[in-house]
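Engineer: Sharing a structure, written as C-alpha cells. Questions coming.
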Amino acid sequence: MDELEALQTIGRLIKEERLAQGLSQVQLAKQAGTAIKTVRTLESGTRRTQEINQRKVEHALGWRPGSVADVLRGKSSFAPDMITPDDMRSGDEARPGPARSAVPSGRVARASHLSDEELVAELTYRMMHRNRG
C-alpha cells in the first residue's frame, strides 16, 4: 500500500467511526483535544498529521494506540479496502471473535483506565496547554 492509499484508508476509517458514534467533525475535534483542521485533514486523506494528533484521535475514537501509524507504515495485514474501524480496535488484528479495545470508548473516568503511554501523552498535552488559557 502506498502512502496516499494509506492516508485515504485512514480518512475513510475515521469518518466511518465518527459517523457511527454520531459525532460531527467539531465534536470529534473537541473530544480529541485537537483543532478541527486536524480532523478535516485526517478525513480528507491527503496528507499526514502530527503523530500526537493521530494518537489523540485514536484515543477519542476508542482505537488501539498506534493503529493509525500501523496503517500508514503498511503494517496492517488487510487490504486497504478491507480494513474496518473494528480492526483499529483489535490488538492482534484478528477478525474472529469480539474486538478488544485497549482504550475504553467514550470518556475515561480514571487515569487507571489508560495505558502508561496514553497517560504520559495526556499529561504532556495538559502541561503544554496549561498556561494557554
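Naming scheme: A, B, ... for chains in displayed order of the C-alpha cells; residues 1 onward per chain; ligands 1 onward as shown.
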List the spatial neighbours of region 67-75 of chain A as a list of chain:residue names - criterion: any atom at most 7 Å away, only C-alpha atoms, same-chain residues fewer than 4 positions off excluded.
Structural biologist: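 Non-adjacent residues within range: A:Met1, A:Glu3, A:Ala6, A:Leu7, A:Ile10, A:Gln54, A:Trp63, A:Met88.
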Engineer: Determine, counting only C-alpha atoms, which protein, DNA and RNA residues have an atom within 8 Å of an atom of Pro85 (chain A); residues of the same chain fewer than 6 positions away are not included. Present the result as an mmCIF file with all heavy atoms, in the first residue's frame.
Structural biologist:
```
data_model
loop_
_atom_site.group_PDB
_atom_site.id
_atom_site.type_symbol
_atom_site.label_atom_id
_atom_site.label_comp_id
_atom_site.auth_asym_id
_atom_site.auth_seq_id
_atom_site.Cartn_x
_atom_site.Cartn_y
_atom_site.Cartn_z
ATOM 1 N N LEU A 13 -11.695 5.421 7.416
ATOM 2 C CA LEU A 13 -11.965 4.770 8.697
ATOM 3 C C LEU A 13 -12.381 5.768 9.773
ATOM 4 O O LEU A 13 -13.307 5.515 10.542
ATOM 5 C CB LEU A 13 -10.723 3.999 9.155
ATOM 6 C CG LEU A 13 -10.351 2.788 8.307
ATOM 7 C CD1 LEU A 13 -8.973 2.262 8.704
ATOM 8 C CD2 LEU A 13 -11.400 1.698 8.422
ATOM 9 N N ILE A 14 -11.704 6.892 9.827
ATOM 10 C CA ILE A 14 -12.043 7.915 10.825
ATOM 11 C C ILE A 14 -13.455 8.428 10.578
ATOM 12 O O ILE A 14 -14.258 8.538 11.510
ATOM 13 C CB ILE A 14 -11.015 9.068 10.817
ATOM 14 C CG1 ILE A 14 -9.683 8.562 11.391
ATOM 15 C CG2 ILE A 14 -11.534 10.274 11.610
ATOM 16 C CD1 ILE A 14 -8.539 9.542 11.253
ATOM 17 N N GLU A 16 -15.947 6.914 8.985
ATOM 18 C CA GLU A 16 -16.909 5.842 9.295
ATOM 19 C C GLU A 16 -17.157 5.746 10.802
ATOM 20 O O GLU A 16 -18.296 5.666 11.252
ATOM 21 C CB GLU A 16 -16.405 4.489 8.789
ATOM 22 C CG GLU A 16 -16.573 4.260 7.317
ATOM 23 C CD GLU A 16 -16.037 2.897 6.886
ATOM 24 O OE1 GLU A 16 -15.965 1.959 7.706
ATOM 25 O OE2 GLU A 16 -15.679 2.782 5.701
ATOM 26 N N GLU A 17 -16.064 5.745 11.570
ATOM 27 C CA GLU A 17 -16.200 5.608 13.022
ATOM 28 C C GLU A 17 -16.848 6.840 13.633
ATOM 29 O O GLU A 17 -17.695 6.728 14.519
ATOM 30 C CB GLU A 17 -14.833 5.363 13.662
ATOM 31 C CG GLU A 17 -14.900 5.126 15.155
ATOM 32 C CD GLU A 17 -15.590 3.832 15.553
ATOM 33 O OE1 GLU A 17 -15.710 2.915 14.715
ATOM 34 O OE2 GLU A 17 -16.018 3.741 16.716
#
```
Engineer: Can you list every residue of region 16-52 of chain A that has an atom at most 12 Å from region 119-128 of chain A, with its nearest atom pair and the distance in Å to one decimal, using only C-alpha atoms, ordered by chain then number, as a Markdown table?
Structural biologist:
```
| residue | atom | partner | partner_atom | distance |
| --- | --- | --- | --- | --- |
| A:Ala32 | CA | A:Glu122 | CA | 10.6 |
| A:Gly33 | CA | A:Tyr125 | CA | 9.0 |
| A:Thr34 | CA | A:Tyr125 | CA | 10.4 |
| A:Glu51 | CA | A:Ala121 | CA | 11.0 |
| A:Ile52 | CA | A:Ala121 | CA | 7.9 |
```
Engineer: DSSP says alpha helix (DSSP H) for which residues of region 11-55 of chain A? Put them as a ChimeraX atom specification?
Structural biologist: /A:11-20,25-32,36-44,51-55
Engineer: Give me, as a ChimeraX atom specification, all polymer residues having an atom no more than 10 Å from Arg18 (chain A), counting only C-alpha atoms and skipping those fewer than 6 positions away in the same chain.
Structural biologist: /A:12,24-25,27-28,43,60-61,85
Engineer: Keeping N, CA, C and O atoms for every residue in the selection just given, could you write it to a file as a PDB file, in the first residue's frame?
Structural biologist:
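The new file part.pdb reads:
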```
ATOM      1  N   ARG A  12     -11.032   7.367   5.499  1.00  0.00           N
ATOM      2  CA  ARG A  12     -12.305   6.636   5.401  1.00  0.00           C
ATOM      3  C   ARG A  12     -12.678   6.027   6.742  1.00  0.00           C
ATOM      4  O   ARG A  12     -13.819   6.117   7.186  1.00  0.00           O
ATOM      5  N   SER A  24     -20.020  14.945  14.992  1.00  0.00           N
ATOM      6  CA  SER A  24     -19.627  15.839  13.905  1.00  0.00           C
ATOM      7  C   SER A  24     -18.106  15.966  13.952  1.00  0.00           C
ATOM      8  O   SER A  24     -17.463  15.534  14.917  1.00  0.00           O
ATOM      9  N   GLN A  25     -17.534  16.571  12.938  1.00  0.00           N
ATOM     10  CA  GLN A  25     -16.089  16.803  12.953  1.00  0.00           C
ATOM     11  C   GLN A  25     -15.705  17.705  14.122  1.00  0.00           C
ATOM     12  O   GLN A  25     -14.687  17.477  14.766  1.00  0.00           O
ATOM     13  N   GLN A  27     -17.281  17.995  17.022  1.00  0.00           N
ATOM     14  CA  GLN A  27     -17.385  17.226  18.264  1.00  0.00           C
ATOM     15  C   GLN A  27     -16.197  16.292  18.436  1.00  0.00           C
ATOM     16  O   GLN A  27     -15.659  16.161  19.536  1.00  0.00           O
ATOM     17  N   LEU A  28     -15.779  15.629  17.359  1.00  0.00           N
ATOM     18  CA  LEU A  28     -14.618  14.745  17.444  1.00  0.00           C
ATOM     19  C   LEU A  28     -13.369  15.536  17.790  1.00  0.00           C
ATOM     20  O   LEU A  28     -12.576  15.116  18.642  1.00  0.00           O
ATOM     21  N   GLU A  43      -9.424  13.156   7.749  1.00  0.00           N
ATOM     22  CA  GLU A  43     -10.522  12.584   6.969  1.00  0.00           C
ATOM     23  C   GLU A  43     -10.361  12.792   5.471  1.00  0.00           C
ATOM     24  O   GLU A  43     -10.818  11.975   4.680  1.00  0.00           O
ATOM     25  N   ALA A  60      -9.799   9.232  21.161  1.00  0.00           N
ATOM     26  CA  ALA A  60     -11.170   9.724  21.153  1.00  0.00           C
ATOM     27  C   ALA A  60     -12.128   8.738  20.485  1.00  0.00           C
ATOM     28  O   ALA A  60     -13.286   8.629  20.878  1.00  0.00           O
ATOM     29  N   LEU A  61     -11.635   8.000  19.496  1.00  0.00           N
ATOM     30  CA  LEU A  61     -12.474   7.030  18.792  1.00  0.00           C
ATOM     31  C   LEU A  61     -12.490   5.661  19.469  1.00  0.00           C
ATOM     32  O   LEU A  61     -13.243   4.784  19.071  1.00  0.00           O
ATOM     33  N   PRO A  85     -13.217  -0.092  10.942  1.00  0.00           N
ATOM     34  CA  PRO A  85     -12.923   0.547  12.228  1.00  0.00           C
ATOM     35  C   PRO A  85     -12.713  -0.475  13.351  1.00  0.00           C
ATOM     36  O   PRO A  85     -11.911  -0.244  14.249  1.00  0.00           O
TER      37      PRO A  85
END
```
Engineer: For Gly45 (chain A), which of A:Lys15, A:Leu4, A:Val57, A:Glu118 is the closest residue, counting only C-alpha atoms?
Structural biologist: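 Using only C-alpha atoms, the shortest distance to Gly45 (chain A) belongs to A:Leu4.
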Engineer: What's around Ile36 (chain A) at 8 Å? Count only C-alpha atoms, leave out sequence neighbours fewer than 4 positions away in its own chain, and write the answer as a ChimeraX atom specification.
Structural biologist: /A:25-26,29-30,40
Engineer: Could you save those same residues with all heavy atoms as a PDB file, in the first residue's frame?
Structural biologist:
```pdb
ATOM      1  N   GLN A  25     -17.534  16.571  12.938  1.00  0.00           N
ATOM      2  CA  GLN A  25     -16.089  16.803  12.953  1.00  0.00           C
ATOM      3  C   GLN A  25     -15.705  17.705  14.122  1.00  0.00           C
ATOM      4  O   GLN A  25     -14.687  17.477  14.766  1.00  0.00           O
ATOM      5  CB  GLN A  25     -15.620  17.411  11.629  1.00  0.00           C
ATOM      6  CG  GLN A  25     -15.634  16.437  10.477  1.00  0.00           C
ATOM      7  CD  GLN A  25     -15.126  17.071   9.188  1.00  0.00           C
ATOM      8  OE1 GLN A  25     -15.240  18.284   8.968  1.00  0.00           O
ATOM      9  NE2 GLN A  25     -14.567  16.246   8.325  1.00  0.00           N
ATOM     10  N   VAL A  26     -16.522  18.687  14.404  1.00  0.00           N
ATOM     11  CA  VAL A  26     -16.249  19.605  15.518  1.00  0.00           C
ATOM     12  C   VAL A  26     -16.281  18.853  16.843  1.00  0.00           C
ATOM     13  O   VAL A  26     -15.406  19.028  17.697  1.00  0.00           O
ATOM     14  CB  VAL A  26     -17.247  20.787  15.521  1.00  0.00           C
ATOM     15  CG1 VAL A  26     -17.113  21.618  16.782  1.00  0.00           C
ATOM     16  CG2 VAL A  26     -17.063  21.645  14.285  1.00  0.00           C
ATOM     17  N   ALA A  29     -13.191  16.694  17.181  1.00  0.00           N
ATOM     18  CA  ALA A  29     -12.025  17.531  17.472  1.00  0.00           C
ATOM     19  C   ALA A  29     -12.004  17.934  18.943  1.00  0.00           C
ATOM     20  O   ALA A  29     -10.960  17.855  19.599  1.00  0.00           O
ATOM     21  CB  ALA A  29     -12.007  18.762  16.575  1.00  0.00           C
ATOM     22  N   LYS A  30     -13.158  18.322  19.477  1.00  0.00           N
ATOM     23  CA  LYS A  30     -13.230  18.696  20.894  1.00  0.00           C
ATOM     24  C   LYS A  30     -12.924  17.509  21.790  1.00  0.00           C
ATOM     25  O   LYS A  30     -12.186  17.619  22.764  1.00  0.00           O
ATOM     26  CB  LYS A  30     -14.616  19.257  21.233  1.00  0.00           C
ATOM     27  CG  LYS A  30     -14.810  20.681  20.849  1.00  0.00           C
ATOM     28  CD  LYS A  30     -16.152  21.197  21.340  1.00  0.00           C
ATOM     29  CE  LYS A  30     -16.308  22.664  21.010  1.00  0.00           C
ATOM     30  NZ  LYS A  30     -17.546  23.204  21.564  1.00  0.00           N
ATOM     31  N   ARG A  40     -10.308  17.389   9.864  1.00  0.00           N
ATOM     32  CA  ARG A  40     -10.573  17.538   8.427  1.00  0.00           C
ATOM     33  C   ARG A  40      -9.410  17.009   7.591  1.00  0.00           C
ATOM     34  O   ARG A  40      -9.621  16.361   6.566  1.00  0.00           O
ATOM     35  CB  ARG A  40     -10.855  18.997   8.094  1.00  0.00           C
ATOM     36  CG  ARG A  40     -12.191  19.457   8.597  1.00  0.00           C
ATOM     37  CD  ARG A  40     -12.494  20.880   8.175  1.00  0.00           C
ATOM     38  NE  ARG A  40     -13.795  21.268   8.701  1.00  0.00           N
ATOM     39  CZ  ARG A  40     -14.080  22.457   9.175  1.00  0.00           C
ATOM     40  NH1 ARG A  40     -13.163  23.408   9.188  1.00  0.00           N
ATOM     41  NH2 ARG A  40     -15.290  22.719   9.634  1.00  0.00           N
TER      42      ARG A  40
END
```
Engineer: Between CA of Arg55 (chain A) and CA of Gly22 (chain A), measure the distance and give it in Å to one decimal.
Structural biologist: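 Result for CA of Arg55 (chain A) versus CA of Gly22 (chain A): 20.2 Å, one decimal.
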Engineer: Report, in Å with one decimal, the straight-line distance from CA of Gly66 (chain A) to CA of Gln31 (chain A).
Structural biologist: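 One can read the CA of Gly66 (chain A) to CA of Gln31 (chain A) distance as 18.1 Å.
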